[in-house]
Amino acid sequence: GNSVTQMEGPVTLSEEAFLTINCTYTATGYPSLFWYVQYPGEGLQLLLKATKADDKGSNKGFEATYRKETTSFHLEKGSVQVSDSAVYFCALLNTGNQFYFGTGTSLTVIP
Amino acid sequence: EAEVAQSPRYKITEKSQAVAFWCDPISGHATLYWYRQILGQGPELLVQFQDESVVDDSQLPKDRFSAERLKGVDSTLKIQPAELGDSAMYLCASSFSGGAAGNEQFFGPGTRLTVL
C-alpha cells in the first residue's frame with residue numbers, strides 16, 4: 001500500500017536554528033514526493049517537490065532529497081525565520097494519480 | 001495567477017441540516033479532489049474526479065455525503081444531514097492531468113464547517 005509517515009510535532013525552534021522534519025514513505029512503483037505548507041486558516045501551498053530518486057527539491061531556503069534507498073524525503077532549512085511558522089505536510093503521488101498525506105508537523109519559530 | 005476558488009469560506013449549521021460547498025478548479029485541470037481536514041490532522045481524501053467521472057470515493061460516507069462535477073468543471077460537495085463530527089475544514093484541490101509524474105495539486109482556501 002501507500003502511506004507517508006512524518007515526525008510528530010510540535011517543533012519549536014529559535015530563529016536562525018537548523019530545521020529537519022523527517023518523512024518516510026511506503027509506495028508501490030515510483031511515486032513523486034512533495035512538501036506542502038499550511039499557514040493558519042489557509043489551504044495548503046506547494047513548497048517543493050521531487051519526481052525521481054536522487055532529485056533535490058528546493059524553494060525559499062528549504063530543501064529535500066528523494067532517497068529511494070531509505071524511502072525518505074526529509075525537509076531541511078539551514079536558518080529558520082519567524083515567518084516559517086506553519087504546519088508542514090509530506091505527501092506522495094503514486095502512478096494512479098492518488099495523493100497520500102502525512103499527518104503534518106507544526107513548526108513554531110520564536111524570535 | 002490562477003487559483004482554486006471555494007465558497008463559502010465559513011459555514012455554521014445546526015445538526016441535521018443540509019450544507020453544500022462549491023469549488024471551481026483552475027481552468028484546464030481535469031482532476032479535482034475534495035478533502036476533509038480535521039484540526040491537527042492531515043487532509044483525508046473524500047472523492048476524486050477525473051473530468052466528470054468519480055475515480056475514487058472509497059472514503060466518502062455515502063449515506064450522508066454526495067459530490068458531483070456534472071460538466072467536468074466546477075464541483076459541489078453536499079452533506080445531508082450534517083452531524084457534529086462533520087465539523088472540519090473541507091479543502092478542494094485540482095491538478096492538470098492524471099498519472100503524470102510531479103503533477104502537484106493546487107489547493108483552494110477551504111471551507112471551515114462548524115456543526116452545532
# chains A, B, ... in the order shown; residues from 1 in each chain; ligands from 1

call {"tool": "closest_atom_pairs", "arguments": {"of": "chain B", "to": "chain A", "cutoff": "9 Å", "atoms": "only C-alpha atoms", "output": "JSON lines"}}
result
{"residue": "B:Thr31", "atom": "CA", "partner": "A:Asn97", "partner_atom": "CA", "distance": 8.9}
{"residue": "B:Gly40", "atom": "CA", "partner": "A:Gly104", "partner_atom": "CA", "distance": 7.7}
{"residue": "B:Gln41", "atom": "CA", "partner": "A:Thr103", "partner_atom": "CA", "distance": 5.1}
{"residue": "B:Gly42", "atom": "CA", "partner": "A:Thr103", "partner_atom": "CA", "distance": 4.3}
{"residue": "B:Pro43", "atom": "CA", "partner": "A:Phe101", "partner_atom": "CA", "distance": 6.6}
{"residue": "B:Glu44", "atom": "CA", "partner": "A:Phe101", "partner_atom": "CA", "distance": 7.8}
{"residue": "B:Leu45", "atom": "CA", "partner": "A:Phe99", "partner_atom": "CA", "distance": 8.2}
{"residue": "B:Gln48", "atom": "CA", "partner": "A:Gln98", "partner_atom": "CA", "distance": 8.5}
{"residue": "B:Asp56", "atom": "CA", "partner": "A:Gln98", "partner_atom": "CA", "distance": 8.8}
{"residue": "B:Leu91", "atom": "CA", "partner": "A:Gly43", "partner_atom": "CA", "distance": 7.0}
{"residue": "B:Cys92", "atom": "CA", "partner": "A:Gly43", "partner_atom": "CA", "distance": 8.7}
{"residue": "B:Ser97", "atom": "CA", "partner": "A:Asn97", "partner_atom": "CA", "distance": 8.3}
{"residue": "B:Gly98", "atom": "CA", "partner": "A:Asn97", "partner_atom": "CA", "distance": 5.3}
{"residue": "B:Gly99", "atom": "CA", "partner": "A:Asn97", "partner_atom": "CA", "distance": 4.6}
{"residue": "B:Ala100", "atom": "CA", "partner": "A:Thr95", "partner_atom": "CA", "distance": 7.2}
{"residue": "B:Ala101", "atom": "CA", "partner": "A:Thr51", "partner_atom": "CA", "distance": 6.0}
{"residue": "B:Gly102", "atom": "CA", "partner": "A:Thr51", "partner_atom": "CA", "distance": 5.4}
{"residue": "B:Asn103", "atom": "CA", "partner": "A:Leu93", "partner_atom": "CA", "distance": 8.1}
{"residue": "B:Glu104", "atom": "CA", "partner": "A:Leu46", "partner_atom": "CA", "distance": 7.5}
{"residue": "B:Gln105", "atom": "CA", "partner": "A:Leu46", "partner_atom": "CA", "distance": 7.8}
{"residue": "B:Phe106", "atom": "CA", "partner": "A:Gln45", "partner_atom": "CA", "distance": 7.1}
{"residue": "B:Phe107", "atom": "CA", "partner": "A:Leu44", "partner_atom": "CA", "distance": 5.7}
{"residue": "B:Gly108", "atom": "CA", "partner": "A:Gly43", "partner_atom": "CA", "distance": 5.7}
{"residue": "B:Pro109", "atom": "CA", "partner": "A:Gly43", "partner_atom": "CA", "distance": 4.3}
{"residue": "B:Gly110", "atom": "CA", "partner": "A:Gly43", "partner_atom": "CA", "distance": 5.8}
{"residue": "B:Arg112", "atom": "CA", "partner": "A:Gly41", "partner_atom": "CA", "distance": 8.6}

call {"tool": "closest_atom_pairs", "arguments": {"of": "stretch 53-114 of chain B", "to": "stretch 14-25 of chain B", "cutoff": "6 Å", "atoms": "only C-alpha atoms", "output": "JSON lines"}}
result
{"residue": "B:Asp74", "atom": "CA", "partner": "B:Asp24", "partner_atom": "CA", "distance": 4.4}
{"residue": "B:Ser75", "atom": "CA", "partner": "B:Cys23", "partner_atom": "CA", "distance": 5.2}
{"residue": "B:Thr76", "atom": "CA", "partner": "B:Trp22", "partner_atom": "CA", "distance": 4.6}
{"residue": "B:Leu77", "atom": "CA", "partner": "B:Phe21", "partner_atom": "CA", "distance": 5.2}
{"residue": "B:Lys78", "atom": "CA", "partner": "B:Ala20", "partner_atom": "CA", "distance": 4.3}
{"residue": "B:Ile79", "atom": "CA", "partner": "B:Val19", "partner_atom": "CA", "distance": 5.4}
{"residue": "B:Gln80", "atom": "CA", "partner": "B:Ala18", "partner_atom": "CA", "distance": 4.4}
{"residue": "B:Pro81", "atom": "CA", "partner": "B:Ser16", "partner_atom": "CA", "distance": 4.3}
{"residue": "B:Ala82", "atom": "CA", "partner": "B:Ser16", "partner_atom": "CA", "distance": 4.9}
{"residue": "B:Glu83", "atom": "CA", "partner": "B:Lys15", "partner_atom": "CA", "distance": 5.1}
{"residue": "B:Ser94", "atom": "CA", "partner": "B:Pro25", "partner_atom": "CA", "distance": 5.7}

call {"tool": "write_last_selection", "arguments": {"atoms": "N, CA and C atoms", "output": "tab-separated table (two decimals), in the first residue's frame"}}
result
chain	number	residue	atom	x	y	z
B	74	ASP	N	-16.68	22.81	-12.47
B	74	ASP	CA	-16.82	23.06	-11.05
B	74	ASP	C	-17.53	21.88	-10.37
B	75	SER	N	-17.47	21.88	-9.06
B	75	SER	CA	-17.96	20.73	-8.31
B	75	SER	C	-18.68	21.20	-7.04
B	76	THR	N	-19.62	20.36	-6.60
B	76	THR	CA	-20.35	20.61	-5.36
B	76	THR	C	-20.25	19.40	-4.46
B	77	LEU	N	-19.98	19.65	-3.19
B	77	LEU	CA	-19.98	18.61	-2.16
B	77	LEU	C	-21.13	18.91	-1.21
B	78	LYS	N	-21.97	17.91	-0.96
B	78	LYS	CA	-23.12	18.12	-0.09
B	78	LYS	C	-23.09	17.15	1.09
B	79	ILE	N	-23.59	17.65	2.21
B	79	ILE	CA	-23.76	16.82	3.41
B	79	ILE	C	-25.21	16.95	3.86
B	80	GLN	N	-25.88	15.81	3.96
B	80	GLN	CA	-27.26	15.83	4.42
B	80	GLN	C	-27.61	14.51	5.07
B	81	PRO	N	-27.92	14.48	6.35
B	81	PRO	CA	-27.87	15.59	7.29
B	81	PRO	C	-26.50	15.76	7.92
B	82	ALA	N	-26.16	16.97	8.30
B	82	ALA	CA	-24.89	17.22	8.96
B	82	ALA	C	-24.91	16.67	10.39
B	83	GLU	N	-23.76	16.17	10.82
B	83	GLU	CA	-23.59	15.69	12.18
B	83	GLU	C	-22.47	16.46	12.86
B	94	SER	N	-7.05	20.82	-7.26
B	94	SER	CA	-7.10	20.37	-8.65
B	94	SER	C	-5.68	20.15	-9.16

call {"tool": "closest_residue", "arguments": {"among": "A:Gln6, A:Leu107, A:Leu47, A:Trp35", "to": "A:Val80", "atoms": "only C-alpha atoms"}}
result
A:Leu107

call {"tool": "atom_distance", "arguments": {"atom1": "atom CA of A:Cys23", "atom2": "atom CA of A:Thr108"}}
result
18.2 Å

call {"tool": "closest_residue", "arguments": {"among": "B:Ser87, B:Thr114, B:Val4, B:Ala67", "to": "B:Gly28", "atoms": "only C-alpha atoms"}}
result
B:Val4

call {"tool": "residues_around", "arguments": {"residues": "A:Lys77", "least_positions_apart": "2", "cutoff": "12 Å", "atoms": "only C-alpha atoms", "output": "JSON, numbers by chain"}}
result
{"A": [13, 15, 16, 17, 18, 19, 20, 21, 57, 58, 59, 60, 61, 62, 63, 64, 74, 75, 79, 80, 81, 84]}

call {"tool": "write_last_selection", "arguments": {"atoms": "C-alpha atoms", "output": "short mmCIF file (atom, residue, chain, number, x, y, z; two decimals), in the first residue's frame"}}
result
data_model
loop_
_atom_site.label_atom_id
_atom_site.label_comp_id
_atom_site.auth_asym_id
_atom_site.auth_seq_id
_atom_site.Cartn_x
_atom_site.Cartn_y
_atom_site.Cartn_z
CA LEU A 13 12.97 26.44 17.30
CA GLU A 15 15.21 31.99 14.87
CA GLU A 16 18.24 31.02 12.72
CA ALA A 17 18.25 27.44 14.01
CA PHE A 18 18.60 24.45 11.69
CA LEU A 19 15.41 22.62 10.81
CA THR A 20 14.87 18.97 9.94
CA ILE A 21 11.44 17.39 9.59
CA GLY A 57 13.60 19.89 -4.46
CA SER A 58 14.29 23.36 -3.14
CA ASN A 59 12.38 26.58 -2.52
CA LYS A 60 12.68 29.56 -0.16
CA GLY A 61 15.75 28.05 1.51
CA PHE A 62 14.04 24.70 2.13
CA GLU A 63 15.45 21.51 0.60
CA ALA A 64 14.51 17.84 0.44
CA HIS A 74 13.34 14.82 4.86
CA LEU A 75 12.77 18.57 4.84
CA SER A 79 18.28 29.02 9.18
CA VAL A 80 14.60 29.33 10.03
CA GLN A 81 12.71 32.59 10.38
CA ASP A 84 8.36 29.93 8.62
#

call {"tool": "atom_distance", "arguments": {"atom1": "atom CA of B:Ser27", "atom2": "atom CA of B:Glu3"}}
result
8.8 Å

call {"tool": "select_by_dssp", "arguments": {"residues": "stretch 31-63 of chain A", "states": "strand (DSSP E or B)", "output": "list of chain:residue names"}}
result
A:Ser32, A:Leu33, A:Phe34, A:Trp35, A:Tyr36, A:Val37, A:Gln38, A:Leu44, A:Gln45, A:Leu46, A:Leu47, A:Leu48, A:Lys49, A:Ala50, A:Lys56, A:Gly57, A:Ser58, A:Asn59, A:Phe62, A:Glu63

call {"tool": "atom_distance", "arguments": {"atom1": "atom CA of A:Tyr39", "atom2": "atom CA of B:Ile26"}}
result
21.0 Å

call {"tool": "decode", "arguments": {"residues": "stretch 59-96 of chain A", "atoms": "N, CA and C atoms", "output": "PDB file, in the first residue's frame"}}
result
ATOM      1  N   ASN A  59      13.195  25.380  -2.385  1.00  0.00           N
ATOM      2  CA  ASN A  59      12.384  26.581  -2.524  1.00  0.00           C
ATOM      3  C   ASN A  59      12.479  27.367  -1.227  1.00  0.00           C
ATOM      4  N   LYS A  60      12.674  28.653  -1.315  1.00  0.00           N
ATOM      5  CA  LYS A  60      12.681  29.558  -0.159  1.00  0.00           C
ATOM      6  C   LYS A  60      13.662  29.111   0.924  1.00  0.00           C
ATOM      7  N   GLY A  61      14.749  28.489   0.547  1.00  0.00           N
ATOM      8  CA  GLY A  61      15.747  28.048   1.512  1.00  0.00           C
ATOM      9  C   GLY A  61      15.506  26.652   2.045  1.00  0.00           C
ATOM     10  N   PHE A  62      14.343  26.066   1.733  1.00  0.00           N
ATOM     11  CA  PHE A  62      14.039  24.695   2.132  1.00  0.00           C
ATOM     12  C   PHE A  62      14.556  23.727   1.068  1.00  0.00           C
ATOM     13  N   GLU A  63      14.991  22.551   1.523  1.00  0.00           N
ATOM     14  CA  GLU A  63      15.448  21.511   0.605  1.00  0.00           C
ATOM     15  C   GLU A  63      14.965  20.148   1.076  1.00  0.00           C
ATOM     16  N   ALA A  64      14.803  19.234   0.113  1.00  0.00           N
ATOM     17  CA  ALA A  64      14.514  17.843   0.441  1.00  0.00           C
ATOM     18  C   ALA A  64      15.021  16.980  -0.700  1.00  0.00           C
ATOM     19  N   THR A  65      15.645  15.861  -0.366  1.00  0.00           N
ATOM     20  CA  THR A  65      16.201  14.964  -1.381  1.00  0.00           C
ATOM     21  C   THR A  65      15.449  13.643  -1.359  1.00  0.00           C
ATOM     22  N   TYR A  66      15.055  13.188  -2.517  1.00  0.00           N
ATOM     23  CA  TYR A  66      14.324  11.939  -2.713  1.00  0.00           C
ATOM     24  C   TYR A  66      15.322  10.797  -2.574  1.00  0.00           C
ATOM     25  N   ARG A  67      15.227  10.051  -1.476  1.00  0.00           N
ATOM     26  CA  ARG A  67      16.134   8.941  -1.199  1.00  0.00           C
ATOM     27  C   ARG A  67      15.384   7.636  -1.336  1.00  0.00           C
ATOM     28  N   LYS A  68      15.593   6.965  -2.445  1.00  0.00           N
ATOM     29  CA  LYS A  68      14.859   5.720  -2.688  1.00  0.00           C
ATOM     30  C   LYS A  68      15.358   4.606  -1.773  1.00  0.00           C
ATOM     31  N   GLU A  69      16.653   4.607  -1.482  1.00  0.00           N
ATOM     32  CA  GLU A  69      17.221   3.512  -0.695  1.00  0.00           C
ATOM     33  C   GLU A  69      16.717   3.525   0.747  1.00  0.00           C
ATOM     34  N   THR A  70      16.394   4.714   1.244  1.00  0.00           N
ATOM     35  CA  THR A  70      15.865   4.819   2.610  1.00  0.00           C
ATOM     36  C   THR A  70      14.390   5.211   2.625  1.00  0.00           C
ATOM     37  N   THR A  71      13.790   5.283   1.446  1.00  0.00           N
ATOM     38  CA  THR A  71      12.380   5.729   1.268  1.00  0.00           C
ATOM     39  C   THR A  71      12.089   6.941   2.129  1.00  0.00           C
ATOM     40  N   SER A  72      12.913   7.969   1.947  1.00  0.00           N
ATOM     41  CA  SER A  72      12.767   9.163   2.768  1.00  0.00           C
ATOM     42  C   SER A  72      12.772  10.425   1.917  1.00  0.00           C
ATOM     43  N   PHE A  73      12.257  11.499   2.524  1.00  0.00           N
ATOM     44  CA  PHE A  73      12.190  12.801   1.855  1.00  0.00           C
ATOM     45  C   PHE A  73      12.186  13.862   2.950  1.00  0.00           C
ATOM     46  N   HIS A  74      13.258  13.934   3.687  1.00  0.00           N
ATOM     47  CA  HIS A  74      13.341  14.819   4.855  1.00  0.00           C
ATOM     48  C   HIS A  74      13.458  16.278   4.431  1.00  0.00           C
ATOM     49  N   LEU A  75      12.747  17.130   5.115  1.00  0.00           N
ATOM     50  CA  LEU A  75      12.767  18.572   4.839  1.00  0.00           C
ATOM     51  C   LEU A  75      13.811  19.248   5.723  1.00  0.00           C
ATOM     52  N   GLU A  76      14.624  20.119   5.115  1.00  0.00           N
ATOM     53  CA  GLU A  76      15.663  20.827   5.865  1.00  0.00           C
ATOM     54  C   GLU A  76      15.692  22.293   5.489  1.00  0.00           C
ATOM     55  N   LYS A  77      16.105  23.097   6.472  1.00  0.00           N
ATOM     56  CA  LYS A  77      16.385  24.508   6.211  1.00  0.00           C
ATOM     57  C   LYS A  77      17.499  24.929   7.156  1.00  0.00           C
ATOM     58  N   GLY A  78      18.452  25.634   6.618  1.00  0.00           N
ATOM     59  CA  GLY A  78      19.635  25.961   7.400  1.00  0.00           C
ATOM     60  C   GLY A  78      19.414  27.012   8.477  1.00  0.00           C
ATOM     61  N   SER A  79      18.472  27.925   8.241  1.00  0.00           N
ATOM     62  CA  SER A  79      18.278  29.024   9.180  1.00  0.00           C
ATOM     63  C   SER A  79      16.812  29.460   9.106  1.00  0.00           C
ATOM     64  N   VAL A  80      16.034  29.045  10.099  1.00  0.00           N
ATOM     65  CA  VAL A  80      14.596  29.330  10.035  1.00  0.00           C
ATOM     66  C   VAL A  80      14.306  30.748  10.502  1.00  0.00           C
ATOM     67  N   GLN A  81      13.192  31.259  10.021  1.00  0.00           N
ATOM     68  CA  GLN A  81      12.705  32.589  10.384  1.00  0.00           C
ATOM     69  C   GLN A  81      11.334  32.470  11.046  1.00  0.00           C
ATOM     70  N   VAL A  82      10.955  33.515  11.743  1.00  0.00           N
ATOM     71  CA  VAL A  82       9.643  33.515  12.399  1.00  0.00           C
ATOM     72  C   VAL A  82       8.534  33.266  11.386  1.00  0.00           C
ATOM     73  N   SER A  83       8.705  33.804  10.190  1.00  0.00           N
ATOM     74  CA  SER A  83       7.686  33.660   9.136  1.00  0.00           C
ATOM     75  C   SER A  83       7.557  32.224   8.617  1.00  0.00           C
ATOM     76  N   ASP A  84       8.459  31.339   9.015  1.00  0.00           N
ATOM     77  CA  ASP A  84       8.356  29.925   8.619  1.00  0.00           C
ATOM     78  C   ASP A  84       7.402  29.146   9.522  1.00  0.00           C
ATOM     79  N   SER A  85       6.906  29.767  10.560  1.00  0.00           N
ATOM     80  CA  SER A  85       5.976  29.107  11.470  1.00  0.00           C
ATOM     81  C   SER A  85       4.714  28.699  10.714  1.00  0.00           C
ATOM     82  N   ALA A  86       4.438  27.405  10.684  1.00  0.00           N
ATOM     83  CA  ALA A  86       3.320  26.866   9.908  1.00  0.00           C
ATOM     84  C   ALA A  86       3.258  25.368  10.179  1.00  0.00           C
ATOM     85  N   VAL A  87       2.331  24.706   9.489  1.00  0.00           N
ATOM     86  CA  VAL A  87       2.272  23.240   9.527  1.00  0.00           C
ATOM     87  C   VAL A  87       2.790  22.709   8.199  1.00  0.00           C
ATOM     88  N   TYR A  88       3.657  21.722   8.244  1.00  0.00           N
ATOM     89  CA  TYR A  88       4.296  21.174   7.054  1.00  0.00           C
ATOM     90  C   TYR A  88       3.811  19.741   6.831  1.00  0.00           C
ATOM     91  N   PHE A  89       3.413  19.463   5.589  1.00  0.00           N
ATOM     92  CA  PHE A  89       2.890  18.154   5.224  1.00  0.00           C
ATOM     93  C   PHE A  89       3.754  17.525   4.150  1.00  0.00           C
ATOM     94  N   CYS A  90       4.152  16.295   4.390  1.00  0.00           N
ATOM     95  CA  CYS A  90       4.816  15.495   3.379  1.00  0.00           C
ATOM     96  C   CYS A  90       3.748  14.701   2.624  1.00  0.00           C
ATOM     97  N   ALA A  91       3.932  14.525   1.328  1.00  0.00           N
ATOM     98  CA  ALA A  91       2.914  13.827   0.546  1.00  0.00           C
ATOM     99  C   ALA A  91       3.558  13.068  -0.602  1.00  0.00           C
ATOM    100  N   LEU A  92       2.876  12.020  -1.042  1.00  0.00           N
ATOM    101  CA  LEU A  92       3.322  11.310  -2.235  1.00  0.00           C
ATOM    102  C   LEU A  92       2.193  11.213  -3.238  1.00  0.00           C
ATOM    103  N   LEU A  93       2.580  11.181  -4.490  1.00  0.00           N
ATOM    104  CA  LEU A  93       1.657  10.982  -5.608  1.00  0.00           C
ATOM    105  C   LEU A  93       2.058   9.697  -6.301  1.00  0.00           C
ATOM    106  N   ASN A  94       1.141   8.724  -6.306  1.00  0.00           N
ATOM    107  CA  ASN A  94       1.502   7.459  -6.947  1.00  0.00           C
ATOM    108  C   ASN A  94       1.140   7.471  -8.428  1.00  0.00           C
ATOM    109  N   THR A  95       1.443   6.412  -9.088  1.00  0.00           N
ATOM    110  CA  THR A  95       1.239   6.373 -10.540  1.00  0.00           C
ATOM    111  C   THR A  95      -0.236   6.326 -10.907  1.00  0.00           C
ATOM    112  N   GLY A  96      -1.100   6.075  -9.920  1.00  0.00           N
ATOM    113  CA  GLY A  96      -2.542   6.135 -10.148  1.00  0.00           C
ATOM    114  C   GLY A  96      -3.112   7.514  -9.892  1.00  0.00           C
TER     115      GLY A  96
END
